[in-house]
Amino acid sequence: MKIKLFGAAGGEVTGSCYLVKTEKSAILVDCGMFQGGKDSEAKNLLPQGARPGEIDAVLLTHGHLDHSGRIPLLIKHGFSGPIYSTGPTLELTQIILEDSARLQDADAERHNRKYWEPGEPLFEPLYEPEHVEAMRELNRPIEFEEIVPITVDITARWVEAGHMLGSGSIEVTVTEEGKKKVIAFSGDLGPLSLPLLRPFEHFQSADMVFMESTYGDRDHKSYEETVEDFFKIVREVSEIGGKILIPTFAIGRAQQLMYHMAELYNTTTIKPFPIYLDSPMAIRATDIYRNHQDLLDEEFQLLKQKGAFPVDERYFISSQSPENSKSLNELKGPCMILAGAGMCNGGRILHHLRHNLRDPDTHVVIVGFQAQGSLGRKLVDKHPIVRIFGEEIPVVAKVHTLNGFSAHAGQSELLEWFSFLAQAKPRVALVHGEDKARSALAKLIEEKFGIRPELPEIGDVIEI
C-alpha cells in the first residue's frame, strides 16, 4: 500500500488530500483547496498522479474548503465514484462548494474584464456550479462508528472529531494478502472546550497515523478567559457605541458566536444590540445546525431549555442580499457584523473592513486561524496599512485576536488525542501545520511516547 500526499504537508496548512493506493483499489481521503496568499492558491490543480477516472471513492473528514474544495475539480475531469461522509458533512460541503463555484465565476469574470487582451485565452474558474451539483448523486451519507465497505479491500469508520458539525476522524482498514493494516486520519480535531459540538473521540490502535498539527506549538488561552475577553468588547460597544466586525468562517464559527451572544443576552442585563449575520452561506449552514440539534452538546440543550433558542429575531438579523450588506456600512452602531471569509481573503467582510478600518470606534475581532499571506494574518500581525481592492487602508480600528475561539485543538489536546494510539507504537506523519508548529509537536511526541514522527513534504509517498 502506498499513500501519496497532495497537500497540507511541508509546512502547508491547507489543501488536505491523500491518495491511498493498494493493488486493487485507489481512494482519496479529502481533496481540499489551498488557501491563503496567491502562492498557495496557485497550487489548486488536479492532484498529479491521481487519475480521477481511476479513483474508486473519496472519503471526507469534514466540509471545510481546505478539505473538500477540489472534489468538483475531480468530477470535472471524470470522477464518478461515491463520496462518503456523515450526513451533516455532505450537506454542509454542498453549500460550501456552491459558494466556492459562485466566487470563482465572479473572480474569473472580473479578471477577464480587467486584464484580458485580444488573442489571449480567457481565464477560467477551477470548476463550474454544474460540477458541484453533480456531487448530489455521488454523496453517500454514513453514521458515526459504522464500518463502511469502501472497496473490495478497504473499509472505513468515522468517529467524532469535534471540529464542526458532522466532522470526523477516519480509520481506514486495508486487507492485502490476508494481512490487515489500519491507517488513522485525524482530520481537523476540535478543542475539548468548544461549545455546541461534542468532544472528539479516540482510536485505540493503528499502524500509521496522519495527524493534524495546526496548533502543535502552543495551547490556546482558556476558553473561559476567551469568552470573558469577548464579552468585555461586547459590553464596551453596548455602552459607548461602535461596530464589532468579525471575519467569520460561515460554518462553525458563525454559529458558535451566535450561541455566545444568545447566552449573554439571556443570562445578563447587558443592553442588546443588533447582530447581523451577513453571509448567505452562514444562514443556510445555521439551518442545517438547526436540523441536527441531536448532534449538539449538553450545554446547548440546557441553554435551549432556558429559552435562549431559537434566537430572538429582533437582535439576530439575517442579511441575505448584497443590498442588505451594503446598507450595513451606513450603520453607526452599536452593532455586530459576522461576515465571511474567515481569513479575509474574499467575501463581504472585505467591504466592511474597507469602510470601517479607519474608524477608532471599530473593533475587529479575529477568532480563527489566519494563513500566511492572508489579509487576516496581516491584521493579526498589526500591519499599520493594508491593501483592500487595490486601495491602501490605514488600520486605526482596534484589532483583537482571540485564538481561544479556535475550532482546532491546542497542543495539549493533540497529545491527549494521540495518547490512546501511542501504546500501539504506530508510524506518525504530522500534517496540516506550519513547520514551527509540527516540529514542536514532533519533539513532544518523541519525548513523551518514544515515537519519532515523520514530517512529510507535498508529493511524498509513504509505503506501508
# chains A, B, ... in the order shown; residues from 1 in each chain; ligands from 1
>>> closest_atom_pairs(of="stretch 363-462 of chain A", to="stretch 245-266 of chain A", cutoff="10 Å", atoms="only C-alpha atoms", output="CSV")
residue,atom,partner,partner_atom,distance
A:His363,CA,A:Leu245,CA,6.2
A:Val364,CA,A:Leu245,CA,4.8
A:Val365,CA,A:Ile246,CA,5.1
A:Ile366,CA,A:Ile246,CA,6.3
A:Val367,CA,A:Ile246,CA,7.5
A:Gly368,CA,A:Thr248,CA,7.9
A:Phe369,CA,A:Phe249,CA,9.9
A:Gly376,CA,A:Pro247,CA,8.1
A:Val399,CA,A:Leu245,CA,9.6
A:His400,CA,A:Ile246,CA,9.8
A:Phe405,CA,A:Arg253,CA,8.1
A:Ser406,CA,A:Arg253,CA,8.2
A:Ala407,CA,A:Arg253,CA,7.6
>>> write_last_selection(atoms="N, CA and C atoms", output="PDB file, in the first residue's frame")
ATOM      1  N   HIS A 363     -14.146  47.713  16.257  1.00  0.00           N
ATOM      2  CA  HIS A 363     -13.384  46.603  16.842  1.00  0.00           C
ATOM      3  C   HIS A 363     -13.401  45.449  15.838  1.00  0.00           C
ATOM      4  N   VAL A 364     -12.220  45.036  15.388  1.00  0.00           N
ATOM      5  CA  VAL A 364     -12.110  43.854  14.529  1.00  0.00           C
ATOM      6  C   VAL A 364     -11.672  42.694  15.420  1.00  0.00           C
ATOM      7  N   VAL A 365     -12.491  41.660  15.468  1.00  0.00           N
ATOM      8  CA  VAL A 365     -12.216  40.525  16.351  1.00  0.00           C
ATOM      9  C   VAL A 365     -11.858  39.317  15.493  1.00  0.00           C
ATOM     10  N   ILE A 366     -10.613  38.875  15.578  1.00  0.00           N
ATOM     11  CA  ILE A 366     -10.128  37.714  14.821  1.00  0.00           C
ATOM     12  C   ILE A 366     -10.313  36.480  15.692  1.00  0.00           C
ATOM     13  N   VAL A 367     -11.080  35.515  15.195  1.00  0.00           N
ATOM     14  CA  VAL A 367     -11.458  34.375  16.044  1.00  0.00           C
ATOM     15  C   VAL A 367     -11.052  33.023  15.443  1.00  0.00           C
ATOM     16  N   GLY A 368     -10.207  33.029  14.412  1.00  0.00           N
ATOM     17  CA  GLY A 368      -9.820  31.760  13.801  1.00  0.00           C
ATOM     18  C   GLY A 368      -8.440  31.839  13.186  1.00  0.00           C
ATOM     19  N   PHE A 369      -7.941  30.692  12.753  1.00  0.00           N
ATOM     20  CA  PHE A 369      -6.599  30.609  12.169  1.00  0.00           C
ATOM     21  C   PHE A 369      -6.514  31.452  10.902  1.00  0.00           C
ATOM     22  N   GLY A 376      -6.256  38.584   6.826  1.00  0.00           N
ATOM     23  CA  GLY A 376      -6.478  38.354   8.251  1.00  0.00           C
ATOM     24  C   GLY A 376      -5.173  38.228   9.013  1.00  0.00           C
ATOM     25  N   VAL A 399      -7.812  45.994  16.809  1.00  0.00           N
ATOM     26  CA  VAL A 399      -7.802  44.612  16.327  1.00  0.00           C
ATOM     27  C   VAL A 399      -7.530  43.688  17.509  1.00  0.00           C
ATOM     28  N   HIS A 400      -8.444  42.764  17.758  1.00  0.00           N
ATOM     29  CA  HIS A 400      -8.318  41.806  18.859  1.00  0.00           C
ATOM     30  C   HIS A 400      -8.158  40.405  18.271  1.00  0.00           C
ATOM     31  N   PHE A 405     -11.004  30.969  20.655  1.00  0.00           N
ATOM     32  CA  PHE A 405     -12.217  30.581  19.936  1.00  0.00           C
ATOM     33  C   PHE A 405     -11.916  29.588  18.811  1.00  0.00           C
ATOM     34  N   SER A 406     -10.673  29.246  18.653  1.00  0.00           N
ATOM     35  CA  SER A 406     -10.300  28.376  17.542  1.00  0.00           C
ATOM     36  C   SER A 406     -11.067  27.068  17.574  1.00  0.00           C
ATOM     37  N   ALA A 407     -11.368  26.562  16.395  1.00  0.00           N
ATOM     38  CA  ALA A 407     -12.016  25.242  16.284  1.00  0.00           C
ATOM     39  C   ALA A 407     -10.985  24.132  16.150  1.00  0.00           C
TER      40      ALA A 407
END
>>> select_by_dssp(residues="stretch 284-363 of chain A", states="strand (DSSP E or B)", output="list in words")
Leu296, Phe316, Ile317, Ser318, Cys335, Met336, Ile337, Leu338, Ala339, Thr362 and His363 of chain A
>>> residues_around(residues="A:His355", least_positions_apart="6", cutoff="12 Å", atoms="only C-alpha atoms", output="list in words")
Lys243, Leu245, Lys326, Ser327, Leu328, Asn329, Glu330, Leu331, Lys332, Arg348, Ile349, Thr362, Ile388, Phe389, Glu391, Glu392, Ile393, Pro394, Val395, Val396 and Ala397 of chain A
>>> closest_residue(among="A:His131, A:His163, A:His220, A:Lys114", to="A:His64", atoms="only C-alpha atoms")
A:His163
>>> atom_distance(atom1="atom CA of A:His351", atom2="atom CA of A:Asp278")
11.4 Å
>>> atom_distance(atom1="atom CA of A:Glu176", atom2="atom CA of A:Ser419")
27.7 Å
>>> atom_distance(atom1="atom CA of A:Arg140", atom2="atom CA of A:Tyr84")
4.9 Å
>>> residues_around(residues="A:Lys4", least_positions_apart="6", cutoff="12 Å", atoms="only C-alpha atoms", output="ChimeraX atom specification")
/A:16-22,26-29,47-50,210,429,456-464
>>> closest_residue(among="A:Ala282, A:Leu357, A:Cys344, A:Ala57", to="A:Lys378", atoms="only C-alpha atoms")
A:Cys344
>>> closest_residue(among="A:Pro453, A:Phe203, A:Lys382, A:Tyr223", to="A:Glu416", atoms="only C-alpha atoms")
A:Phe203
>>> closest_residue(among="A:Pro88, A:Ala285, A:Gly333, A:Pro274", to="A:Arg314", atoms="only C-alpha atoms")
A:Pro274
>>> select_by_dssp(residues="stretch 163-340 of chain A", states="helix (DSSP H, G or I)", output="number ranges by chain")
A: 223-240, 253-267, 280-291, 293-295, 298-305, 322-330
>>> write_last_selection(atoms="C-alpha atoms", output="PDB file, in the first residue's frame")
ATOM      1  CA  TYR A 223     -11.955  29.104  26.722  1.00  0.00           C
ATOM      2  CA  GLU A 224     -13.468  30.768  29.772  1.00  0.00           C
ATOM      3  CA  GLU A 225     -10.929  33.634  29.605  1.00  0.00           C
ATOM      4  CA  THR A 226     -11.502  33.995  25.855  1.00  0.00           C
ATOM      5  CA  VAL A 227     -15.267  34.253  26.290  1.00  0.00           C
ATOM      6  CA  GLU A 228     -14.787  36.855  29.026  1.00  0.00           C
ATOM      7  CA  ASP A 229     -12.423  38.884  26.783  1.00  0.00           C
ATOM      8  CA  PHE A 230     -15.050  38.710  24.033  1.00  0.00           C
ATOM      9  CA  PHE A 231     -17.819  39.796  26.401  1.00  0.00           C
ATOM     10  CA  LYS A 232     -15.676  42.803  27.527  1.00  0.00           C
ATOM     11  CA  ILE A 233     -15.589  44.029  23.930  1.00  0.00           C
ATOM     12  CA  VAL A 234     -19.340  43.455  23.606  1.00  0.00           C
ATOM     13  CA  ARG A 235     -20.056  45.373  26.839  1.00  0.00           C
ATOM     14  CA  GLU A 236     -17.892  48.310  25.734  1.00  0.00           C
ATOM     15  CA  VAL A 237     -19.692  48.571  22.399  1.00  0.00           C
ATOM     16  CA  SER A 238     -23.080  48.177  24.088  1.00  0.00           C
ATOM     17  CA  GLU A 239     -22.293  51.111  26.408  1.00  0.00           C
ATOM     18  CA  ILE A 240     -20.460  53.603  24.152  1.00  0.00           C
ATOM     19  CA  ARG A 253     -17.579  29.883  13.967  1.00  0.00           C
ATOM     20  CA  ALA A 254     -20.672  31.896  12.999  1.00  0.00           C
ATOM     21  CA  GLN A 255     -22.976  29.506  14.887  1.00  0.00           C
ATOM     22  CA  GLN A 256     -20.559  29.417  17.849  1.00  0.00           C
ATOM     23  CA  LEU A 257     -20.564  33.210  18.206  1.00  0.00           C
ATOM     24  CA  MET A 258     -24.325  33.434  17.851  1.00  0.00           C
ATOM     25  CA  TYR A 259     -24.576  30.840  20.623  1.00  0.00           C
ATOM     26  CA  HIS A 260     -22.441  33.013  22.929  1.00  0.00           C
ATOM     27  CA  MET A 261     -24.403  36.166  22.138  1.00  0.00           C
ATOM     28  CA  ALA A 262     -27.690  34.371  22.799  1.00  0.00           C
ATOM     29  CA  GLU A 263     -26.212  33.160  26.088  1.00  0.00           C
ATOM     30  CA  LEU A 264     -25.086  36.687  27.005  1.00  0.00           C
ATOM     31  CA  TYR A 265     -28.416  38.292  26.157  1.00  0.00           C
ATOM     32  CA  ASN A 266     -30.302  35.556  28.001  1.00  0.00           C
ATOM     33  CA  THR A 267     -28.285  35.456  31.221  1.00  0.00           C
ATOM     34  CA  PRO A 280     -25.953  33.706   2.844  1.00  0.00           C
ATOM     35  CA  MET A 281     -23.831  30.594   3.344  1.00  0.00           C
ATOM     36  CA  ALA A 282     -23.766  31.017   7.140  1.00  0.00           C
ATOM     37  CA  ILE A 283     -27.548  31.496   7.107  1.00  0.00           C
ATOM     38  CA  ARG A 284     -28.000  28.209   5.225  1.00  0.00           C
ATOM     39  CA  ALA A 285     -25.500  26.485   7.494  1.00  0.00           C
ATOM     40  CA  THR A 286     -27.374  27.654  10.571  1.00  0.00           C
ATOM     41  CA  ASP A 287     -30.488  25.956   9.185  1.00  0.00           C
ATOM     42  CA  ILE A 288     -28.505  22.707   8.895  1.00  0.00           C
ATOM     43  CA  TYR A 289     -27.325  23.062  12.512  1.00  0.00           C
ATOM     44  CA  ARG A 290     -30.961  23.611  13.483  1.00  0.00           C
ATOM     45  CA  ASN A 291     -31.932  20.384  11.695  1.00  0.00           C
ATOM     46  CA  GLN A 293     -29.643  19.500  17.097  1.00  0.00           C
ATOM     47  CA  ASP A 294     -29.323  15.902  18.261  1.00  0.00           C
ATOM     48  CA  LEU A 295     -25.574  16.128  17.487  1.00  0.00           C
ATOM     49  CA  GLU A 298     -25.379  19.066  26.628  1.00  0.00           C
ATOM     50  CA  GLU A 299     -24.653  22.766  27.262  1.00  0.00           C
ATOM     51  CA  PHE A 300     -26.650  23.705  24.178  1.00  0.00           C
ATOM     52  CA  GLN A 301     -29.545  21.505  25.282  1.00  0.00           C
ATOM     53  CA  LEU A 302     -29.574  23.165  28.726  1.00  0.00           C
ATOM     54  CA  LEU A 303     -29.423  26.685  27.298  1.00  0.00           C
ATOM     55  CA  LYS A 304     -32.213  25.798  24.899  1.00  0.00           C
ATOM     56  CA  GLN A 305     -34.377  24.747  27.849  1.00  0.00           C
ATOM     57  CA  PRO A 322     -25.897  42.447  -1.455  1.00  0.00           C
ATOM     58  CA  GLU A 323     -28.155  45.460  -0.909  1.00  0.00           C
ATOM     59  CA  ASN A 324     -28.706  44.429   2.724  1.00  0.00           C
ATOM     60  CA  SER A 325     -24.962  44.052   3.131  1.00  0.00           C
ATOM     61  CA  LYS A 326     -24.148  47.461   1.640  1.00  0.00           C
ATOM     62  CA  SER A 327     -26.684  49.161   3.898  1.00  0.00           C
ATOM     63  CA  LEU A 328     -24.745  47.944   6.962  1.00  0.00           C
ATOM     64  CA  ASN A 329     -21.927  50.333   6.070  1.00  0.00           C
ATOM     65  CA  GLU A 330     -24.237  53.240   6.911  1.00  0.00           C
TER      66      GLU A 330
END
>>> closest_residue(among="A:Gly87, A:Pro118, A:Pro191, A:Pro272", to="A:Pro141", atoms="only C-alpha atoms")
A:Gly87
